[in-house]
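This is coords-v3.txt. It holds compact mmCIF, C-alpha atoms.
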```txt
# COMPACT_ATOMS: atom_id res chain seq x y z
CA MET A 194 15.72 -16.35 16.21
CA THR A 195 15.59 -13.05 14.32
CA THR A 196 18.37 -10.68 15.31
CA GLN A 197 17.83 -7.05 16.16
CA PRO A 198 19.37 -4.71 13.56
CA PRO A 199 22.10 -2.47 15.04
CA PHE A 200 20.65 0.75 13.64
CA THR A 201 17.47 0.90 15.73
CA GLU A 202 16.48 1.09 19.37
CA LEU A 203 13.03 -0.31 18.59
CA ASP A 204 12.02 -3.82 19.62
CA LEU A 205 11.19 -4.92 16.08
CA ASN A 206 10.33 -8.44 17.18
CA ALA A 207 7.62 -7.24 19.56
CA ILE A 208 6.29 -4.62 17.11
CA ALA A 209 6.11 -7.07 14.20
CA GLU A 210 4.28 -9.58 16.39
CA ARG A 211 1.85 -6.92 17.66
CA ARG A 212 1.33 -5.60 14.11
CA TRP A 213 1.16 -1.97 15.12
CA VAL A 214 3.57 0.68 16.35
CA ASP A 215 2.96 3.67 18.60
CA ARG A 216 4.87 6.86 19.30
CA THR A 217 5.51 5.52 22.82
CA ASP A 218 7.63 2.70 21.35
CA PHE A 219 10.23 5.29 20.31
CA THR A 220 12.94 7.14 22.13
CA GLU A 221 13.20 10.81 21.16
CA ALA A 222 16.36 10.17 19.13
CA GLU A 223 14.82 7.23 17.29
CA PHE A 224 11.71 9.20 16.41
CA GLU A 225 13.81 12.07 15.06
CA ARG A 226 15.56 9.58 12.77
CA ALA A 227 12.16 8.27 11.71
CA ARG A 228 10.87 11.79 11.06
CA ALA A 229 13.91 12.67 8.94
CA PHE A 230 13.48 9.50 6.90
CA TYR A 231 9.78 10.21 6.40
CA GLU A 232 10.56 13.69 5.11
CA GLN A 233 12.94 12.13 2.60
CA MET A 234 10.10 9.90 1.36
CA ARG A 235 7.90 12.95 0.86
CA ALA A 236 10.47 14.69 -1.37
CA ASP A 237 9.27 12.77 -4.43
CA ASP A 238 5.55 13.39 -3.85
CA GLU A 239 5.12 15.87 -6.68
CA ARG A 240 6.58 13.54 -9.30
CA LEU A 241 4.57 10.57 -8.04
CA GLU A 242 1.40 12.64 -8.07
CA GLN A 243 2.05 13.58 -11.69
CA VAL A 244 2.61 9.94 -12.65
CA ARG A 245 -0.50 8.91 -10.72
CA THR A 246 -2.56 11.53 -12.58
CA GLU A 247 -1.29 10.26 -15.92
CA ALA A 248 -1.90 6.61 -14.97
CA SER A 249 -5.40 7.42 -13.69
CA ALA A 250 -6.27 9.16 -16.96
CA LEU A 251 -5.14 6.11 -18.93
CA ILE A 252 -7.19 3.75 -16.75
CA SER A 253 -10.27 5.95 -17.13
CA GLU A 254 -9.77 6.02 -20.91
CA TRP A 255 -9.34 2.25 -21.14
CA THR A 256 -12.06 1.15 -18.73
CA GLY A 257 -14.50 4.04 -18.38
CA HIS A 258 -14.03 3.93 -14.60
CA LYS A 259 -12.28 6.47 -12.41
CA PRO A 260 -9.57 4.85 -10.25
CA ARG A 261 -8.49 5.63 -6.71
CA ASP A 262 -5.08 5.26 -5.14
CA VAL A 263 -5.42 2.20 -2.90
CA GLY A 264 -1.73 1.80 -2.13
CA SER A 265 0.96 3.10 0.19
CA PHE A 266 1.48 6.35 -1.71
CA GLY A 267 -2.19 7.23 -1.28
CA THR A 268 -1.91 6.71 2.48
CA ARG A 269 1.53 8.41 2.58
CA LEU A 270 3.20 5.25 3.89
CA ASN A 271 5.40 4.57 0.88
CA LEU A 272 9.11 3.89 0.60
CA GLU A 273 11.35 5.15 -2.19
CA THR A 274 10.97 1.81 -4.02
CA SER A 275 7.18 1.80 -3.89
CA ASP A 276 5.04 1.27 -6.95
CA LEU A 277 1.65 2.92 -7.39
CA ASP A 278 -1.46 0.88 -6.66
CA LEU A 279 -4.75 2.03 -8.15
CA GLY A 280 -8.16 0.43 -7.86
CA ILE A 281 -11.51 0.54 -9.65
CA GLY A 282 -14.90 -0.94 -8.93
CA TYR A 283 -16.17 -3.17 -11.71
CA PRO A 284 -19.30 -5.33 -12.09
CA VAL A 285 -18.43 -9.02 -11.83
CA GLU A 286 -20.39 -9.80 -14.99
CA ASP A 287 -18.18 -7.40 -16.97
CA ARG A 288 -14.81 -8.81 -15.90
CA ASP A 289 -14.23 -10.70 -19.17
CA ARG A 290 -14.78 -7.46 -21.05
CA LEU A 291 -12.44 -5.67 -18.66
CA ARG A 292 -9.66 -8.14 -19.36
CA LYS A 293 -10.21 -7.70 -23.08
CA VAL A 294 -10.01 -3.89 -23.01
CA LEU A 295 -6.92 -3.94 -20.77
CA GLU A 296 -5.08 -6.70 -22.63
CA PRO A 297 -3.35 -4.39 -25.16
CA HIS A 298 -2.13 -2.03 -22.44
CA THR A 299 -1.33 -4.13 -19.37
CA THR A 300 0.01 -7.42 -18.07
CA PHE A 301 -2.52 -9.56 -16.20
CA LEU A 302 -1.00 -10.59 -12.87
CA GLY A 303 -3.83 -12.85 -11.75
CA GLU A 304 -6.83 -13.09 -9.47
CA ARG A 305 -6.52 -12.61 -5.72
CA LYS A 306 -9.00 -13.13 -2.95
CA THR A 307 -10.45 -9.99 -1.35
CA ARG A 308 -13.06 -11.54 0.92
CA PHE A 309 -14.00 -15.18 1.41
CA SER A 310 -16.63 -14.84 -1.33
CA THR A 311 -15.06 -12.24 -3.64
CA SER A 312 -11.83 -11.64 -5.51
CA ARG A 313 -10.09 -8.92 -7.50
CA LEU A 314 -8.26 -8.98 -10.81
CA VAL A 315 -4.80 -7.40 -10.82
CA PHE A 316 -3.07 -5.86 -13.83
CA SER A 317 0.23 -4.05 -14.25
CA PHE A 318 1.66 -1.43 -16.58
CA THR A 319 4.40 1.21 -16.47
CA VAL A 320 4.28 5.01 -16.64
CA GLU A 321 7.48 7.08 -16.60
CA GLY A 322 9.44 4.08 -15.34
CA ILE A 323 7.10 3.48 -12.38
CA GLU A 324 5.11 0.27 -12.15
CA ILE A 325 1.37 0.76 -11.77
CA ASP A 326 -0.68 -2.07 -10.29
CA LEU A 327 -4.39 -1.87 -11.07
CA SER A 328 -6.87 -3.85 -8.98
CA ALA A 329 -10.39 -4.39 -10.30
CA LEU A 330 -12.61 -5.07 -7.29
CA THR A 331 -16.29 -5.78 -7.15
CA VAL A 332 -18.34 -2.60 -6.93
CA GLU A 333 -19.22 -3.37 -3.30
CA ASP A 334 -15.64 -4.19 -2.31
CA PHE A 335 -14.38 -1.01 -3.97
CA ALA A 336 -16.91 1.01 -1.95
CA VAL A 337 -15.69 -0.67 1.25
CA ALA A 338 -12.06 0.04 0.29
CA CYS A 339 -12.86 3.70 -0.34
CA ARG A 340 -14.53 4.01 3.07
CA MET A 341 -11.46 2.42 4.66
CA LEU A 342 -9.13 4.83 2.84
CA ASP A 343 -11.28 7.80 3.89
CA GLN A 344 -11.00 6.64 7.49
CA ILE A 345 -7.23 6.27 7.25
CA ASP A 346 -7.02 9.76 5.72
CA THR A 347 -8.98 11.34 8.57
CA THR A 348 -7.88 9.35 11.61
CA MET A 349 -4.30 8.17 11.11
CA THR A 350 -2.01 10.76 12.66
CA LEU A 351 1.23 12.07 11.20
CA ASP A 352 3.16 10.47 14.08
CA GLU A 353 1.55 7.11 13.27
CA ARG A 354 2.49 7.47 9.60
CA ILE A 355 6.07 8.34 10.50
CA ALA A 356 6.32 5.40 12.91
CA HIS A 357 4.73 2.92 10.50
CA THR A 358 6.97 3.96 7.59
CA TRP A 359 10.12 3.73 9.72
CA VAL A 360 9.29 0.20 10.86
CA LYS A 361 8.53 -0.75 7.26
CA HIS A 362 11.94 0.58 6.23
CA LEU A 363 13.72 -1.25 9.04
CA LEU A 364 12.05 -4.58 8.28
CA ARG A 365 12.90 -4.31 4.60
CA ASP A 366 16.50 -3.29 5.19
CA SER A 367 16.91 -6.07 7.75
CA GLY A 368 15.92 -8.66 5.14
CA ARG A 369 12.89 -9.76 7.14
CA VAL A 370 10.92 -10.51 4.00
CA GLN A 371 7.86 -12.21 5.46
CA GLU A 372 7.44 -9.70 8.28
CA TYR A 373 7.92 -6.86 5.81
CA ALA A 374 5.24 -8.32 3.52
CA THR A 375 2.85 -8.58 6.47
CA TRP A 376 3.71 -5.09 7.75
CA LYS A 377 2.77 -3.51 4.41
CA LEU A 378 -0.82 -4.60 5.13
CA VAL A 379 -1.22 -3.90 8.85
CA THR A 380 -2.82 -0.47 8.36
CA TYR A 381 -5.41 -1.87 5.96
CA ALA A 382 -6.12 -4.79 8.29
CA ARG A 383 -6.57 -2.42 11.23
CA PHE A 384 -9.08 -0.20 9.43
CA CYS A 385 -10.77 -2.87 7.27
CA PRO A 386 -10.65 -6.25 9.06
CA GLU A 387 -13.35 -7.79 6.86
CA PHE A 388 -11.00 -8.03 3.87
CA ASN A 389 -8.60 -10.95 3.42
CA TRP A 390 -5.27 -9.15 3.84
CA VAL A 391 -2.87 -11.93 2.83
CA PRO A 392 0.77 -10.89 2.36
CA ILE A 393 1.97 -11.21 -1.25
CA PRO A 394 5.76 -10.74 -1.13
CA GLU A 395 6.27 -10.84 -4.89
CA LYS A 396 8.04 -7.47 -4.94
CA THR A 397 10.34 -5.62 -2.54
CA GLY A 398 8.69 -2.22 -2.86
CA ALA A 399 5.28 -0.86 -1.89
```

structure tokens encoding of this file:
Amino acid sequence: MTTQPPFTELDLNAIAERRWVDRTDFTEAEFERARAFYEQMRADDERLEQVRTEASALISEWTGHKPRDVGSFGTRLNLETSDLDLGIGYPVEDRDRLRKVLEPHTTFLGERKTRFSTSRLVFSFTVEGIEIDLSALTVEDFAVACRMLDQIDTTMTLDERIAHTWVKHLLRDSGRVQEYATWKLVTYARFCPEFNWVPIPEKTGA
């Protein structure tokens, strides 16, 4: 039985099982703590934006394709340990060439399923001490991901972002590794259920 951490009034067990959190789950005091924490996360935005711009320019130079932030920083749901996750759309028939042009600059992390019939290639490199994960999706999957991100941008409220980030922080700091890995993906799964959002708990950030 997972124990409730002493530093929250939230029912983390119920929230993790439901895979979403609402403002109504919070007391006023708890939400103020969550808001203060979220503001701390935003303090590093300018630096991360500069690193993202530099990383995006490198990816464009290497691949000829303009990337988009597909990770938690792009949705403003990141923690202080988060890496940057960028994505590009790439024709399946050109993936061997993609691996060749990225080989001198990145580490290939492997191939991961995106849908039941498609997958993405994942690469990693570092800019200014920050790890950058690059996902190469099929052109169609990248278009779907961009529509999902547009929807998150326009419909996810600030209160929802604050609440989500606070729960993410609590799960990580409570050592609930599997639930934390799943929670990192709940927003994507809510707005894009057709993708195969399988938790990959290989890192403790994001």

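Across the structure, CA of Leu251 in chain A and CA of Glu321 in chain A are spaced 12.9 Å apart.
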
Practice problem: May I have the residues within 10 Å of Phe224 in chain A as a list in words, using all atoms listed in the file and disregarding those fewer than 6 positions away in the same chain? | Solution: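 Non-adjacent residues within range: Glu202, Leu203, Arg216, Thr217, Asp218, Phe230, Asp352, Ile355, Ala356 and Trp359 of chain A.
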
Quiz item: Given the choices A:Thr358, A:Ser249, A:Thr380, A:Ser317, which gets closest to Asp262 in chain A if the distance is worked out from all atoms listed in the file?
Solution: A:Ser249

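Taking all atoms listed in the file, the non-local environment of Gln233 in chain A within 10 Å (same-chain residues fewer than 6 positions away omitted) comprises Ala227, Leu272 and Glu273 of chain A.
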
Quiz item: What gap, in Å, lies between CA of Val370 in chain A and CA of Phe335 in chain A?
Solution: 28.2 Å

Quiz item: What's the 12 Å shell around His357 in chain A, counting all atoms listed in the file, without same-chain residues fewer than 2 positions away, as number ranges by chain?
Solution: A: 205, 208-209, 212-216, 218-219, 224, 227-228, 230-231, 265, 268-272, 349-355, 359-364, 373, 376-380

Practice problem: Please measure the separation of CA of Gly264 in chain A and CA of Leu295 in chain A, giving the value in Å to one decimal. | Solution: 20.2 Å

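For the residues A:Ala329, A:Ser312, A:Asn206, A:Thr300, ranking by smallest atom-to-atom distance to Lys259 in chain A using only C-alpha atoms places A:Ala329 first.
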
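Ranking A:Thr331, A:Gln371, A:Thr220, A:Leu279 by their shortest atom-to-atom distance to Thr246 in chain A, with all atoms listed in the file included, puts A:Leu279 first.
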
Quiz prompt | Pick from A:Arg305, A:Arg240, A:Arg292, A:Arg383 nearest to Ile345 in chain A, counting only C-alpha atoms | solution =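 Checking each of A:Arg305, A:Arg240, A:Arg292, A:Arg383 against Ile345 in chain A, counting only C-alpha atoms, the winner is A:Arg383.
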
Quiz item: For Val244 in chain A, which of A:Leu277, A:Val391, A:Cys385, A:Ala338 is the closest residue, counting all atoms listed in the file?
Solution: A:Leu277

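For the residues A:Met341, A:Ala374, A:Ile323, A:Val315, ranking by smallest atom-to-atom distance to Glu242 in chain A using only C-alpha atoms places A:Ile323 first.
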